[in-house]
file model-v9.pdb (PDB, C-alpha atoms and all ligand atoms)
ATOM      1  CA  MET Q 460     -14.555 -10.884   6.431  1.00  0.00           C
ATOM      2  CA  ASN Q 461     -13.884 -14.608   6.277  1.00  0.00           C
ATOM      3  CA  THR Q 462     -11.556 -15.916   8.903  1.00  0.00           C
ATOM      4  CA  SER Q 463      -9.290 -18.886   8.779  1.00  0.00           C
ATOM      5  CA  GLY Q 464      -6.619 -20.535  10.864  1.00  0.00           C
ATOM      6  CA  ARG Q 465      -6.043 -18.509  14.024  1.00  0.00           C
ATOM      7  CA  GLY Q 466      -9.090 -16.285  13.464  1.00  0.00           C
ATOM      8  CA  ARG Q 467      -7.218 -13.722  11.341  1.00  0.00           C
ATOM      9  CA  SER Q 468      -9.340 -11.858   8.735  1.00  0.00           C
ATOM     10  CA  LEU Q 469      -8.240 -13.012   5.291  1.00  0.00           C
ATOM     11  CA  LEU Q 470     -10.875 -12.394   2.628  1.00  0.00           C
ATOM     12  CA  PRO Q 471     -13.964 -10.209   2.358  1.00  0.00           C
ATOM     13  CA  SER Q 472     -17.083 -12.359   2.480  1.00  0.00           C
ATOM     14  CA  ALA Q 473     -19.859 -12.298  -0.111  1.00  0.00           C
ATOM     15  CA  ALA Q 474     -22.255 -11.110   2.621  1.00  0.00           C
ATOM     16  CA  PHE Q 475     -19.999  -8.136   3.372  1.00  0.00           C
ATOM     17  CA  ARG Q 476     -19.898  -7.214  -0.309  1.00  0.00           C
ATOM     18  CA  LYS Q 477     -23.681  -7.490  -0.620  1.00  0.00           C
ATOM     19  CA  CYS Q 478     -24.516  -5.387   2.455  1.00  0.00           C
ATOM     20  CA  GLY Q 479     -23.982  -2.145   0.526  1.00  0.00           C
ATOM     21  CA  ILE Q 480     -21.015  -0.693   2.413  1.00  0.00           C
ATOM     22  CA  VAL Q 481     -18.638  -1.455  -0.441  1.00  0.00           C
ATOM     23  CA  GLN Q 482     -20.856   0.395  -2.921  1.00  0.00           C
ATOM     24  CA  LYS Q 483     -20.998   3.409  -0.582  1.00  0.00           C
ATOM     25  CA  TYR Q 484     -17.195   3.503  -0.285  1.00  0.00           C
ATOM     26  CA  LYS Q 485     -16.883   3.133  -4.064  1.00  0.00           C
ATOM     27  CA  ALA Q 486     -19.273   6.027  -4.709  1.00  0.00           C
ATOM     28  CA  LEU Q 487     -17.473   8.204  -2.151  1.00  0.00           C
ATOM     29  CA  ALA Q 488     -14.077   7.369  -3.667  1.00  0.00           C
ATOM     30  CA  GLU Q 489     -15.300   8.184  -7.170  1.00  0.00           C
ATOM     31  CA  ALA Q 490     -16.615  11.535  -5.939  1.00  0.00           C
ATOM     32  CA  THR Q 491     -13.341  12.385  -4.172  1.00  0.00           C
ATOM     33  CA  PRO Q 492     -10.646  13.835  -6.425  1.00  0.00           C
ATOM     34  CA  GLY Q 493      -7.156  12.380  -6.097  1.00  0.00           C
ATOM     35  CA  VAL Q 494      -8.206   9.155  -4.369  1.00  0.00           C
ATOM     36  CA  TYR Q 495      -7.661   5.818  -6.097  1.00  0.00           C
ATOM     37  CA  PHE Q 496      -8.219   2.347  -4.694  1.00  0.00           C
ATOM     38  CA  VAL Q 497      -6.354  -0.693  -5.964  1.00  0.00           C
ATOM     39  CA  GLY Q 498      -5.727  -4.095  -4.464  1.00  0.00           C
ATOM     40  CA  ARG Q 499      -7.465  -6.598  -2.342  1.00  0.00           C
ATOM     41  CA  LEU Q 500      -8.336  -4.638   0.765  1.00  0.00           C
ATOM     42  CA  ALA Q 501      -9.202  -1.496  -1.160  1.00  0.00           C
ATOM     43  CA  THR Q 502     -11.595  -3.178  -3.587  1.00  0.00           C
ATOM     44  CA  TYR Q 503     -12.898  -5.996  -1.372  1.00  0.00           C
ATOM     45  CA  LYS Q 504     -12.016  -8.590  -3.994  1.00  0.00           C
ATOM     46  CA  TYR Q 505      -9.758 -11.624  -3.987  1.00  0.00           C
ATOM     47  CA  TYR Q 506      -6.554 -11.141  -6.007  1.00  0.00           C
ATOM     48  CA  ASN Q 507      -3.198 -12.828  -6.195  1.00  0.00           C
ATOM     49  CA  MET Q 508      -0.126 -10.639  -5.879  1.00  0.00           C
ATOM     50  CA  ASP Q 509       0.578 -10.413  -9.621  1.00  0.00           C
ATOM     51  CA  GLN Q 510      -2.912  -8.979 -10.176  1.00  0.00           C
ATOM     52  CA  VAL Q 511      -2.448  -6.425  -7.405  1.00  0.00           C
ATOM     53  CA  VAL Q 512       0.927  -5.350  -8.783  1.00  0.00           C
ATOM     54  CA  ALA Q 513      -0.581  -5.067 -12.289  1.00  0.00           C
ATOM     55  CA  GLN Q 514      -3.359  -2.843 -10.924  1.00  0.00           C
ATOM     56  CA  ALA Q 515      -0.846  -0.599  -9.165  1.00  0.00           C
ATOM     57  CA  LEU Q 516       1.309  -0.266 -12.294  1.00  0.00           C
ATOM     58  CA  THR Q 517      -1.753   0.453 -14.448  1.00  0.00           C
ATOM     59  CA  ILE Q 518      -3.021   3.245 -12.213  1.00  0.00           C
ATOM     60  CA  TYR Q 519       0.525   4.663 -11.967  1.00  0.00           C
ATOM     61  CA  THR Q 520       0.802   4.708 -15.770  1.00  0.00           C
ATOM     62  CA  GLN Q 521      -2.598   6.390 -16.120  1.00  0.00           C
ATOM     63  CA  LEU Q 522      -1.815   9.031 -13.511  1.00  0.00           C
ATOM     64  CA  SER Q 523       1.665   9.819 -14.815  1.00  0.00           C
ATOM     65  CA  ARG Q 524       0.293  10.094 -18.383  1.00  0.00           C
ATOM     66  CA  ARG Q 525      -2.426  12.478 -17.176  1.00  0.00           C
ATOM     67  CA  GLU Q 526       0.115  14.540 -15.227  1.00  0.00           C
ATOM     68  CA  ARG Q 527       2.347  14.779 -18.316  1.00  0.00           C
ATOM     69  CA  LEU Q 528      -0.620  15.956 -20.436  1.00  0.00           C
ATOM     70  CA  GLU Q 529      -1.570  18.562 -17.813  1.00  0.00           C
ATOM     71  CA  THR Q 530       2.036  19.779 -17.645  1.00  0.00           C
ATOM     72  CA  VAL Q 531       2.164  20.123 -21.442  1.00  0.00           C
ATOM     73  CA  ALA Q 532      -1.237  21.866 -21.569  1.00  0.00           C
ATOM     74  CA  GLY Q 533      -0.284  24.161 -18.671  1.00  0.00           C
ATOM     75  CA  GLY Q 534       2.952  25.173 -20.377  1.00  0.00           C
ATOM     76  CA  GLN Q 535       1.222  26.457 -23.526  1.00  0.00           C
TER      77      GLN Q 535
HETATM   78  C1  LIG Q 601      -3.096 -16.837   3.446  1.00  0.00           C
HETATM   79  C2  LIG Q 601      -2.836 -16.150   2.145  1.00  0.00           C
HETATM   80  C3  LIG Q 601      -2.015 -16.758   1.216  1.00  0.00           C
HETATM   81  C4  LIG Q 601      -1.756 -16.143  -0.017  1.00  0.00           C
HETATM   82  N1  LIG Q 601      -0.943 -16.767  -0.936  1.00  0.00           N
HETATM   83  C5  LIG Q 601      -0.681 -16.167  -2.094  1.00  0.00           C
HETATM   84  C6  LIG Q 601       0.198 -16.791  -3.038  1.00  0.00           C
HETATM   85  O1  LIG Q 601       0.726 -17.882  -2.811  1.00  0.00           O
HETATM   86  N2  LIG Q 601       0.428 -16.140  -4.230  1.00  0.00           N
HETATM   87  C7  LIG Q 601      -0.127 -14.921  -4.516  1.00  0.00           C
HETATM   88  O2  LIG Q 601       0.127 -14.368  -5.581  1.00  0.00           O
HETATM   89  N3  LIG Q 601      -0.949 -14.312  -3.626  1.00  0.00           N
HETATM   90  C8  LIG Q 601      -1.228 -14.910  -2.442  1.00  0.00           C
HETATM   91  N4  LIG Q 601      -2.061 -14.300  -1.533  1.00  0.00           N
HETATM   92  C9  LIG Q 601      -2.675 -13.032  -1.913  1.00  0.00           C
HETATM   93  C10 LIG Q 601      -1.760 -11.841  -1.639  1.00  0.00           C
HETATM   94  O3  LIG Q 601      -1.388 -11.844  -0.288  1.00  0.00           O
HETATM   95  C11 LIG Q 601      -2.571 -10.585  -1.963  1.00  0.00           C
HETATM   96  O4  LIG Q 601      -2.925 -10.587  -3.329  1.00  0.00           O
HETATM   97  C12 LIG Q 601      -1.799  -9.303  -1.706  1.00  0.00           C
HETATM   98  O5  LIG Q 601      -1.231  -9.279  -0.431  1.00  0.00           O
HETATM   99  C13 LIG Q 601      -2.777  -8.173  -1.828  1.00  0.00           C
HETATM  100  O6  LIG Q 601      -2.066  -6.982  -1.651  1.00  0.00           O
HETATM  101  P1  LIG Q 601      -2.858  -5.652  -1.313  1.00  0.00           P
HETATM  102  O7  LIG Q 601      -1.843  -4.575  -1.270  1.00  0.00           O
HETATM  103  O8  LIG Q 601      -4.009  -5.527  -2.254  1.00  0.00           O
HETATM  104  O9  LIG Q 601      -3.528  -5.873   0.121  1.00  0.00           O
HETATM  105  P2  LIG Q 601      -2.874  -6.219   1.512  1.00  0.00           P
HETATM  106  O10 LIG Q 601      -1.632  -7.039   1.360  1.00  0.00           O
HETATM  107  O11 LIG Q 601      -4.006  -6.763   2.316  1.00  0.00           O
HETATM  108  O12 LIG Q 601      -2.412  -4.812   2.062  1.00  0.00           O
HETATM  109  C14 LIG Q 601      -3.290  -3.927   2.691  1.00  0.00           C
HETATM  110  C15 LIG Q 601      -2.469  -3.110   3.663  1.00  0.00           C
HETATM  111  O13 LIG Q 601      -3.230  -2.013   4.151  1.00  0.00           O
HETATM  112  C16 LIG Q 601      -3.023  -1.919   5.525  1.00  0.00           C
HETATM  113  N5  LIG Q 601      -4.181  -1.213   6.081  1.00  0.00           N
HETATM  114  C17 LIG Q 601      -5.391  -1.724   6.397  1.00  0.00           C
HETATM  115  N6  LIG Q 601      -6.197  -0.746   6.863  1.00  0.00           N
HETATM  116  C18 LIG Q 601      -5.462   0.385   6.851  1.00  0.00           C
HETATM  117  C19 LIG Q 601      -5.740   1.736   7.223  1.00  0.00           C
HETATM  118  N7  LIG Q 601      -6.919   2.119   7.686  1.00  0.00           N
HETATM  119  N8  LIG Q 601      -4.770   2.642   7.050  1.00  0.00           N
HETATM  120  C20 LIG Q 601      -3.571   2.276   6.563  1.00  0.00           C
HETATM  121  N9  LIG Q 601      -3.241   1.012   6.198  1.00  0.00           N
HETATM  122  C21 LIG Q 601      -4.190   0.085   6.349  1.00  0.00           C
HETATM  123  C22 LIG Q 601      -2.892  -3.337   6.003  1.00  0.00           C
HETATM  124  O14 LIG Q 601      -2.240  -3.406   7.247  1.00  0.00           O
HETATM  125  C23 LIG Q 601      -2.051  -3.928   4.902  1.00  0.00           C
HETATM  126  O15 LIG Q 601      -0.665  -3.746   5.105  1.00  0.00           O
HETATM  127  C24 LIG Q 601      -2.341 -14.886  -0.306  1.00  0.00           C
HETATM  128  C25 LIG Q 601      -3.153 -14.270   0.648  1.00  0.00           C
HETATM  129  C26 LIG Q 601      -3.411 -14.891   1.861  1.00  0.00           C
HETATM  130  C27 LIG Q 601      -4.288 -14.197   2.873  1.00  0.00           C
END

call {"tool": "encode", "arguments": {"input": "model-v9.pdb", "output": "structure tokens", "more": "lines below"}}
Ligand SMILES: Cc1cc2nc3c(=O)[nH]c(=O)nc-3n(C[C@H](O)[C@H](O)[C@H](O)COP(=O)(O)OP(=O)(O)OC[C@H]3O[C@@H](n4cnc5c(N)ncnc54)[C@H](O)[C@@H]3O)c2cc1C
result
Amino acid sequence: MNTSGRGRSLLPSAAFRKCGIVQKYKALAEATPGVYFVGRLATYKYYNMDQVVAQALTIYTQLSRRERLETVAGGQ
């Protein structure tokens, strides 16, 4: 992580992204049902707040749509 000011971690560094840990977490998350990562910390990418909120709303919409479809299919 990059640090700034009083030594607080603020942003993931390019070196951290390139070391392979991020890809391992991503693969594990994709193989784990019911786990979704959005946002800066979860994806190791820089975002402003509007982008993070948009990601959260998008995944919520996708999940609620899927749940509705499963409910309809299960009720038939
Ligand atoms: C100095 C600075 C200035 C900024 N200024 C702006 C600005 O002016 N405008 C703007 O739009 N954006 C700004 N941003 C960006 C904005 O802060 C981020 O886009 C936003 O906070 C990202 O939200 P997030 O939920 O993805 O991640 P975060 O806000 O980082 O939230 C992650 C959360 O997960 C928690 N967490 C970590 N590990 C664990 C764990 N193992 N278990 C449970 N919880 C855990 C953390 O404590 C934290 O609360 C700024 C960021 C910084 C650092």

call {"tool": "residues_near_ligand", "arguments": {"input": "model-v9.pdb", "ligand": "ligand LIG 601 (chain Q)", "cutoff": "6 Å", "atoms": "all atoms listed in the file", "output": "list in words"}}
result
Leu469, Gly498, Arg499, Leu500, Tyr506, Asn507, Met508, Asp509 and Val511 of chain Q

call {"tool": "residues_around", "arguments": {"input": "model-v9.pdb", "residues": "Tyr519 of chain Q", "least_positions_apart": "6", "cutoff": "12 Å", "atoms": "only C-alpha atoms", "output": "VMD selection string"}}
result
chain Q and resid 495 to 497 512 to 513 525 to 526

call {"tool": "atom_distance", "arguments": {"input": "model-v9.pdb", "atom1": "atom CA of Gly534 of chain Q", "atom2": "atom CA of Leu522 of chain Q"}}
result
18.2 Å

call {"tool": "axis_aligned_box", "arguments": {"input": "model-v9.pdb", "around": "segment 500-516 of chain Q", "padding_each_side": "5 Å", "output": "JSON"}}
result
{"center_x": -5.8, "center_y": -6.5, "center_z": -5.8, "size_x": 24.2, "size_y": 22.6, "size_z": 23.1}

call {"tool": "closest_atom_pairs", "arguments": {"input": "model-v9.pdb", "of": "segment 498-519 of chain Q", "to": "segment 477-489 of chain Q", "cutoff": "12 Å", "atoms": "only C-alpha atoms", "output": "tab-separated table"}}
result
residue	atom	partner	partner_atom	distance
Q:Leu500	CA	Q:Val481	CA	10.8
Q:Ala501	CA	Q:Lys485	CA	9.4
Q:Thr502	CA	Q:Val481	CA	7.9
Q:Tyr503	CA	Q:Val481	CA	7.4
Q:Lys504	CA	Q:Val481	CA	10.4

call {"tool": "write_last_selection", "arguments": {"input": "model-v9.pdb", "atoms": "C-alpha atoms", "output": "PDB file, in the coordinates of the input"}}
result
ATOM      1  CA  LEU Q 500      -8.336  -4.638   0.765  1.00  0.00           C
ATOM      2  CA  ALA Q 501      -9.202  -1.496  -1.160  1.00  0.00           C
ATOM      3  CA  THR Q 502     -11.595  -3.178  -3.587  1.00  0.00           C
ATOM      4  CA  TYR Q 503     -12.898  -5.996  -1.372  1.00  0.00           C
ATOM      5  CA  LYS Q 504     -12.016  -8.590  -3.994  1.00  0.00           C
TER       6      LYS Q 504
END

call {"tool": "atom_distance", "arguments": {"input": "model-v9.pdb", "atom1": "atom CA of Pro492 of chain Q", "atom2": "atom CA of Leu528 of chain Q"}}
result
17.4 Å

call {"tool": "atom_distance", "arguments": {"input": "model-v9.pdb", "atom1": "atom CA of Thr517 of chain Q", "atom2": "atom CA of Ala532 of chain Q"}}
result
22.6 Å

call {"tool": "closest_residue", "arguments": {"input": "model-v9.pdb", "among": "Q:Ile518, Q:Thr530, Q:Ala474, Q:Tyr505", "to": "Gly493 of chain Q", "atoms": "all atoms listed in the file"}}
result
Q:Ile518

call {"tool": "decode", "arguments": {"input": "model-v9.pdb", "residues": "segment 487-532 of chain Q", "atoms": "N, CA and C atoms", "output": "tab-separated table (two decimals), in the first residue's frame"}}
result
chain	number	residue	atom	x	y	z
Q	487	LEU	N	-10.15	-16.86	-5.98
Q	487	LEU	CA	-10.83	-17.49	-4.85
Q	487	LEU	C	-12.25	-16.94	-4.71
Q	488	ALA	N	-12.39	-15.62	-4.86
Q	488	ALA	CA	-13.71	-15.00	-4.74
Q	488	ALA	C	-14.64	-15.51	-5.83
Q	489	GLU	N	-14.11	-15.63	-7.05
Q	489	GLU	CA	-14.95	-16.09	-8.16
Q	489	GLU	C	-15.39	-17.55	-7.97
Q	490	ALA	N	-14.56	-18.32	-7.26
Q	490	ALA	CA	-14.88	-19.72	-7.03
Q	490	ALA	C	-15.73	-19.93	-5.78
Q	491	THR	N	-16.02	-18.85	-5.06
Q	491	THR	CA	-16.78	-18.96	-3.81
Q	491	THR	C	-18.18	-18.39	-4.01
Q	492	PRO	N	-19.20	-19.24	-3.98
Q	492	PRO	CA	-20.55	-18.75	-4.20
Q	492	PRO	C	-20.99	-17.75	-3.12
Q	493	GLY	N	-21.71	-16.73	-3.53
Q	493	GLY	CA	-22.29	-15.79	-2.58
Q	493	GLY	C	-21.34	-14.72	-2.08
Q	494	VAL	N	-20.15	-14.63	-2.68
Q	494	VAL	CA	-19.19	-13.61	-2.25
Q	494	VAL	C	-18.95	-12.64	-3.40
Q	495	TYR	N	-19.12	-11.36	-3.13
Q	495	TYR	CA	-18.95	-10.34	-4.16
Q	495	TYR	C	-18.09	-9.22	-3.59
Q	496	PHE	N	-17.14	-8.76	-4.36
Q	496	PHE	CA	-16.26	-7.69	-3.92
Q	496	PHE	C	-16.51	-6.43	-4.74
Q	497	VAL	N	-16.80	-5.35	-4.09
Q	497	VAL	CA	-16.90	-4.05	-4.77
Q	497	VAL	C	-16.14	-3.02	-3.94
Q	498	GLY	N	-15.71	-1.98	-4.60
Q	498	GLY	CA	-15.06	-0.88	-3.88
Q	498	GLY	C	-13.56	-0.93	-3.92
Q	499	ARG	N	-13.01	0.05	-3.29
Q	499	ARG	CA	-11.58	0.31	-3.37
Q	499	ARG	C	-10.76	-0.77	-2.69
Q	500	LEU	N	-11.04	-1.02	-1.45
Q	500	LEU	CA	-10.26	-2.01	-0.70
Q	500	LEU	C	-10.46	-3.41	-1.30
Q	501	ALA	N	-11.68	-3.71	-1.65
Q	501	ALA	CA	-12.02	-5.05	-2.12
Q	501	ALA	C	-11.42	-5.37	-3.48
Q	502	THR	N	-11.22	-4.36	-4.31
Q	502	THR	CA	-10.72	-4.62	-5.67
Q	502	THR	C	-9.30	-4.10	-5.89
Q	503	TYR	N	-8.73	-3.49	-4.86
Q	503	TYR	CA	-7.37	-2.95	-4.95
Q	503	TYR	C	-7.22	-1.96	-6.09
Q	504	LYS	N	-8.24	-1.13	-6.27
Q	504	LYS	CA	-8.17	-0.11	-7.32
Q	504	LYS	C	-8.60	1.23	-6.75
Q	505	TYR	N	-8.08	2.30	-7.34
Q	505	TYR	CA	-8.45	3.64	-6.89
Q	505	TYR	C	-9.82	4.00	-7.45
Q	506	TYR	N	-10.75	4.41	-6.59
Q	506	TYR	CA	-12.05	4.92	-7.03
Q	506	TYR	C	-12.40	6.13	-6.20
Q	507	ASN	N	-13.18	7.02	-6.77
Q	507	ASN	CA	-13.84	8.05	-5.98
Q	507	ASN	C	-15.14	7.47	-5.43
Q	508	MET	N	-15.76	8.19	-4.52
Q	508	MET	CA	-16.93	7.65	-3.83
Q	508	MET	C	-18.11	7.36	-4.77
Q	509	ASP	N	-18.31	8.24	-5.77
Q	509	ASP	CA	-19.44	8.02	-6.67
Q	509	ASP	C	-19.28	6.70	-7.43
Q	510	GLN	N	-18.04	6.35	-7.77
Q	510	GLN	CA	-17.81	5.09	-8.48
Q	510	GLN	C	-18.07	3.89	-7.57
Q	511	VAL	N	-17.68	4.03	-6.31
Q	511	VAL	CA	-17.90	2.94	-5.36
Q	511	VAL	C	-19.40	2.74	-5.12
Q	512	VAL	N	-20.12	3.84	-4.97
Q	512	VAL	CA	-21.57	3.75	-4.76
Q	512	VAL	C	-22.23	3.14	-5.99
Q	513	ALA	N	-21.79	3.53	-7.19
Q	513	ALA	CA	-22.36	2.97	-8.42
Q	513	ALA	C	-22.12	1.47	-8.48
Q	514	GLN	N	-20.92	1.03	-8.09
Q	514	GLN	CA	-20.63	-0.41	-8.08
Q	514	GLN	C	-21.56	-1.15	-7.12
Q	515	ALA	N	-21.75	-0.58	-5.94
Q	515	ALA	CA	-22.61	-1.22	-4.94
Q	515	ALA	C	-24.05	-1.32	-5.44
Q	516	LEU	N	-24.55	-0.24	-6.06
Q	516	LEU	CA	-25.92	-0.26	-6.56
Q	516	LEU	C	-26.07	-1.25	-7.72
Q	517	THR	N	-25.04	-1.33	-8.56
Q	517	THR	CA	-25.08	-2.27	-9.70
Q	517	THR	C	-25.14	-3.71	-9.22
Q	518	ILE	N	-24.28	-4.06	-8.26
Q	518	ILE	CA	-24.29	-5.45	-7.79
Q	518	ILE	C	-25.59	-5.74	-7.05
Q	519	TYR	N	-26.13	-4.75	-6.32
Q	519	TYR	CA	-27.41	-4.95	-5.64
Q	519	TYR	C	-28.52	-5.22	-6.66
Q	520	THR	N	-28.53	-4.43	-7.74
Q	520	THR	CA	-29.56	-4.62	-8.77
Q	520	THR	C	-29.44	-6.00	-9.40
Q	521	GLN	N	-28.21	-6.42	-9.71
Q	521	GLN	CA	-28.00	-7.73	-10.32
Q	521	GLN	C	-28.45	-8.85	-9.38
Q	522	LEU	N	-28.09	-8.74	-8.10
Q	522	LEU	CA	-28.45	-9.80	-7.16
Q	522	LEU	C	-29.95	-9.85	-6.90
Q	523	SER	N	-30.58	-8.67	-6.79
Q	523	SER	CA	-32.02	-8.69	-6.51
Q	523	SER	C	-32.80	-9.18	-7.72
Q	524	ARG	N	-32.30	-8.86	-8.94
Q	524	ARG	CA	-32.94	-9.39	-10.16
Q	524	ARG	C	-32.84	-10.91	-10.19
Q	525	ARG	N	-31.63	-11.42	-9.89
Q	525	ARG	CA	-31.41	-12.87	-9.90
Q	525	ARG	C	-32.30	-13.55	-8.87
Q	526	GLU	N	-32.40	-12.94	-7.68
Q	526	GLU	CA	-33.23	-13.52	-6.62
Q	526	GLU	C	-34.69	-13.57	-7.05
Q	527	ARG	N	-35.15	-12.48	-7.73
Q	527	ARG	CA	-36.53	-12.44	-8.19
Q	527	ARG	C	-36.78	-13.56	-9.20
Q	528	LEU	N	-35.82	-13.75	-10.14
Q	528	LEU	CA	-35.96	-14.80	-11.16
Q	528	LEU	C	-36.00	-16.17	-10.50
Q	529	GLU	N	-35.14	-16.40	-9.49
Q	529	GLU	CA	-35.11	-17.69	-8.81
Q	529	GLU	C	-36.41	-17.92	-8.04
Q	530	THR	N	-36.97	-16.86	-7.46
Q	530	THR	CA	-38.23	-16.98	-6.73
Q	530	THR	C	-39.35	-17.36	-7.69
Q	531	VAL	N	-39.37	-16.69	-8.86
Q	531	VAL	CA	-40.40	-16.98	-9.87
Q	531	VAL	C	-40.23	-18.41	-10.37
Q	532	ALA	N	-39.00	-18.82	-10.70
Q	532	ALA	CA	-38.75	-20.16	-11.21
Q	532	ALA	C	-39.08	-21.22	-10.15
